[in-house]
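Below is one structure, written out as structure tokens, with a few remarks after it.
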Amino acid sequence: MERSPSDSYSLTIRVKLSARAGTLGEVTTAIGRAGGDIGAIDIVSVGRDHIIRDITVNTVSSEHEEKIVKAVKDIDGIEVLQTSDRTFLMHLGGKIEVVSKMPLKTRADLSMAYTPGVARVCEAIHDDPEKAFTLTIKKNMVAIVSDGTAVLGLGDIGPAAAMPVMEGKAMLFKEFGGVDAFPICLSTKDPDEIVRTVKNIATAFGGINLEDISAPRCFEIEDRLKEELDIPVFHDDQHGTAVVVLAALINALKIVGKEMSEIKVVVNGVGAAGVACTKIVMAAGVKNIIGCDQHGALYRGRRENMNKVKEWYAANTNPNEEQGTVHDIIKGADVFLGLSVPDVINEEDLKQMAAKPIVFAMANPTPEIMPEDAAPYVAVMATGRSDYPNQINNVLCFPGIFRGALACRARSINEEMKLAAANAIANIITAAELHPEYIIPSVFDKRVAEAVAHAVEEAAYASHVARRDRAAQEEM
């Protein structure tokens, strides 16, 4: 499937054009023939016999960028002075910074913010450790913890290479939820050491967001930290994906007129996200769900390529004990959830599904089946991509979930809070707005984080994991 140019592969070409007529037209024609999408053309300076311009071009890959630059260089009378990859420019020096919340302009300011005045605040926290939630950044600060072993479809690229993703995550926390967050990338893959390190730094944080840690290690790490810490621990790759998938499924089922308890769901990919999606849709009422990995369906008694997580999965799903490949299992399915690899299913598989099938193909950047190929056969289609309708994107979930959890000082983020978040996201879209291409709100919909935070906070109080007295609440 041919990809379209996008901002993620965008460059600015600075060119020196001769003053002869038609030179700019030759440049734009060459870029167009090479498949580039021109976004802006700006004049930098004008000389007696030349003009210097910046031309911004969207492309599909790094190789495509090189092809376009070569096409421009091949034009007579054109000099390419400089090329800049706009994505790399955005990352120069990192994407986040620490900023003081109040000025230090006078000696009085300094004496209150630091010594000697700060000593009284320290003593207050020593006498009552709960005051750390009101007198330090702990009140609104989340640690984004990763070992870089399962990054964004890039795989095990290590902690240093994972930093740009974690910085981006911190930006999303702040922009969409008003939550401060800081990346913590650990140079170890040892679960014991990761748990020990996170426990040792947890004093400064009100919550822990685990990110891009490979399965099955991520399950053990999350479970142990949830047991040993008294602040929320949330593995977003698992639970963030699951919450947004459930929200989308709630609305998709409204469109096709089916009930959770009646549908057959096939999950392809039984890693962190696949297991979490399975658990949350089961909690929402799905009874017939079957997971598949590269060896086919999971069922009781399967011995090949199993581990503790898959053994749990086999014991708690697939009530009819179906066996075979995903192509066998998908027959008669109402819903396909893809959390695996590109091109797993095809049009023939979709024809074998139940009437009005729902397909969430979330492998990134290339889904299990492309929306163009699936369109004639499905009632509702969703992917993880921003260039198609119905993007399953975790940013709809985690900023609001943590904002709600921090507001009530929740000890954990439990199943009730996740279900509340999913329903809050789904309910953003009214019955009048609901459409096969609009089952999930935009990531830029400002209502989402607020609605999720409110629902999560209410669920925390109802399920008795909130530590804060409602009467004592302040605005965050």
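Going through the structure tokens in order, the chains are called A, B, and so on, while each chain numbers its residues from 1 and the ligands are numbered from 1 in the order shown.
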
Next on the checklist: Please extract the residues of segment 23-269 of chain A with a backbone DSSP assignment of strand (DSSP E) and present them as a count of residues only.
Outcome noted: 52

Next on the checklist: For Phe336 of chain A, find every residue with an atom within 7 Å (counting only C-alpha atoms), except residues of its own chain fewer than 5 positions away, and show them as a ChimeraX atom specification.
Outcome noted: /A:265-267,358-360

Checklist entry - If you measure from atom CA of Asp42 of chain A to atom CA of Lys16 of chain A, what distance in Å do you get, rounded to one decimal? => result 12.0 Å

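The environment of Lys101 of chain A within 12 Å, counting only C-alpha atoms and disregarding residues fewer than 6 places along the same chain, consists of A:Ala113, A:Thr136, A:Ile137.
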
How would the residues just chosen look if you wrote them out with C-alpha atoms as a CSV table (one decimal), in the first residue's frame?
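What landed in result_29.csv:
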```csv
chain,number,residue,atom,x,y,z
A,113,ALA,CA,12.0,29.2,48.6
A,136,THR,CA,6.0,19.4,47.0
A,137,ILE,CA,5.7,18.5,43.4
```

Please run DSSP on the backbone and report, as a PDB file with C-alpha atoms, in the first residue's frame, all residues within segment 192-276 of chain A that come out as helix (DSSP H, G or I).
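Contents of the output file result.pdb:
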```
ATOM      1  CA  ASP A 192      14.305  -6.895  40.222  1.00  0.00           C
ATOM      2  CA  GLU A 193      16.507  -3.865  39.608  1.00  0.00           C
ATOM      3  CA  ILE A 194      13.740  -1.950  37.829  1.00  0.00           C
ATOM      4  CA  VAL A 195      11.356  -2.563  40.731  1.00  0.00           C
ATOM      5  CA  ARG A 196      14.013  -1.613  43.275  1.00  0.00           C
ATOM      6  CA  THR A 197      14.936   1.583  41.406  1.00  0.00           C
ATOM      7  CA  VAL A 198      11.356   2.740  40.955  1.00  0.00           C
ATOM      8  CA  LYS A 199      10.606   2.106  44.625  1.00  0.00           C
ATOM      9  CA  ASN A 200      13.664   4.160  45.606  1.00  0.00           C
ATOM     10  CA  ILE A 201      12.677   7.185  43.496  1.00  0.00           C
ATOM     11  CA  ALA A 202       8.926   7.012  44.139  1.00  0.00           C
ATOM     12  CA  THR A 203       9.120   9.509  47.019  1.00  0.00           C
ATOM     13  CA  ALA A 204       9.140  12.423  44.572  1.00  0.00           C
ATOM     14  CA  ARG A 217       8.520  -8.794  32.037  1.00  0.00           C
ATOM     15  CA  CYS A 218       6.145  -5.823  32.096  1.00  0.00           C
ATOM     16  CA  PHE A 219       3.456  -7.891  33.828  1.00  0.00           C
ATOM     17  CA  GLU A 220       5.719  -8.882  36.709  1.00  0.00           C
ATOM     18  CA  ILE A 221       7.145  -5.379  37.087  1.00  0.00           C
ATOM     19  CA  GLU A 222       3.723  -3.750  37.195  1.00  0.00           C
ATOM     20  CA  ASP A 223       2.254  -6.327  39.575  1.00  0.00           C
ATOM     21  CA  ARG A 224       5.138  -6.016  42.028  1.00  0.00           C
ATOM     22  CA  LEU A 225       5.144  -2.216  41.979  1.00  0.00           C
ATOM     23  CA  LYS A 226       1.377  -2.085  42.486  1.00  0.00           C
ATOM     24  CA  GLU A 227       1.813  -4.361  45.493  1.00  0.00           C
ATOM     25  CA  GLU A 228       4.778  -2.528  47.011  1.00  0.00           C
ATOM     26  CA  ASP A 236       0.026   2.578  29.584  1.00  0.00           C
ATOM     27  CA  ASP A 237       0.894   0.173  26.761  1.00  0.00           C
ATOM     28  CA  GLN A 238      -1.452  -2.291  28.444  1.00  0.00           C
ATOM     29  CA  HIS A 239      -4.181  -0.353  30.153  1.00  0.00           C
ATOM     30  CA  GLY A 240      -4.216   2.871  28.167  1.00  0.00           C
ATOM     31  CA  THR A 241      -4.726   0.929  24.965  1.00  0.00           C
ATOM     32  CA  ALA A 242      -7.356  -1.245  26.640  1.00  0.00           C
ATOM     33  CA  VAL A 243      -9.387   1.713  27.921  1.00  0.00           C
ATOM     34  CA  VAL A 244      -9.498   3.409  24.508  1.00  0.00           C
ATOM     35  CA  VAL A 245     -10.291   0.123  22.742  1.00  0.00           C
ATOM     36  CA  LEU A 246     -13.225  -0.447  25.087  1.00  0.00           C
ATOM     37  CA  ALA A 247     -14.474   3.100  24.534  1.00  0.00           C
ATOM     38  CA  ALA A 248     -14.365   2.584  20.773  1.00  0.00           C
ATOM     39  CA  LEU A 249     -16.013  -0.833  21.058  1.00  0.00           C
ATOM     40  CA  ILE A 250     -18.873   0.548  23.167  1.00  0.00           C
ATOM     41  CA  ASN A 251     -19.733   2.998  20.419  1.00  0.00           C
ATOM     42  CA  ALA A 252     -19.076   0.588  17.545  1.00  0.00           C
ATOM     43  CA  LEU A 253     -21.545  -1.893  19.035  1.00  0.00           C
ATOM     44  CA  LYS A 254     -24.175   0.850  19.205  1.00  0.00           C
ATOM     45  CA  ILE A 255     -23.785   1.330  15.447  1.00  0.00           C
ATOM     46  CA  VAL A 256     -24.139  -2.366  14.572  1.00  0.00           C
ATOM     47  CA  MET A 260     -21.221  -7.152  24.615  1.00  0.00           C
ATOM     48  CA  SER A 261     -22.543 -10.429  26.005  1.00  0.00           C
ATOM     49  CA  GLU A 262     -23.501 -11.758  22.563  1.00  0.00           C
ATOM     50  CA  ALA A 272       0.880  -6.621  26.956  1.00  0.00           C
ATOM     51  CA  ALA A 273      -1.813  -4.690  25.080  1.00  0.00           C
ATOM     52  CA  GLY A 274      -3.640  -7.792  23.860  1.00  0.00           C
ATOM     53  CA  VAL A 275      -3.954  -9.254  27.357  1.00  0.00           C
ATOM     54  CA  ALA A 276      -5.106  -5.935  28.844  1.00  0.00           C
TER      55      ALA A 276
END
```

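Counting from atom CA of Ser412 of chain A, the distance to atom CA of Phe444 of chain A is 27.0 Å.
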
Do you know which residues are at most 10 Å from Asp49 of chain A counting only C-alpha atoms, after dropping those on the same chain fewer than 5 positions away, and could you put them as a PDB file with C-alpha atoms, in the first residue's frame?
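The resulting out-v1.pdb:
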```
ATOM      1  CA  LEU A  17      17.148  30.640  -7.381  1.00  0.00           C
ATOM      2  CA  SER A  18      18.422  32.612 -10.362  1.00  0.00           C
ATOM      3  CA  ALA A  19      16.330  35.672 -11.221  1.00  0.00           C
ATOM      4  CA  ARG A  20      15.216  34.256 -14.566  1.00  0.00           C
TER       5      ARG A  20
END
```
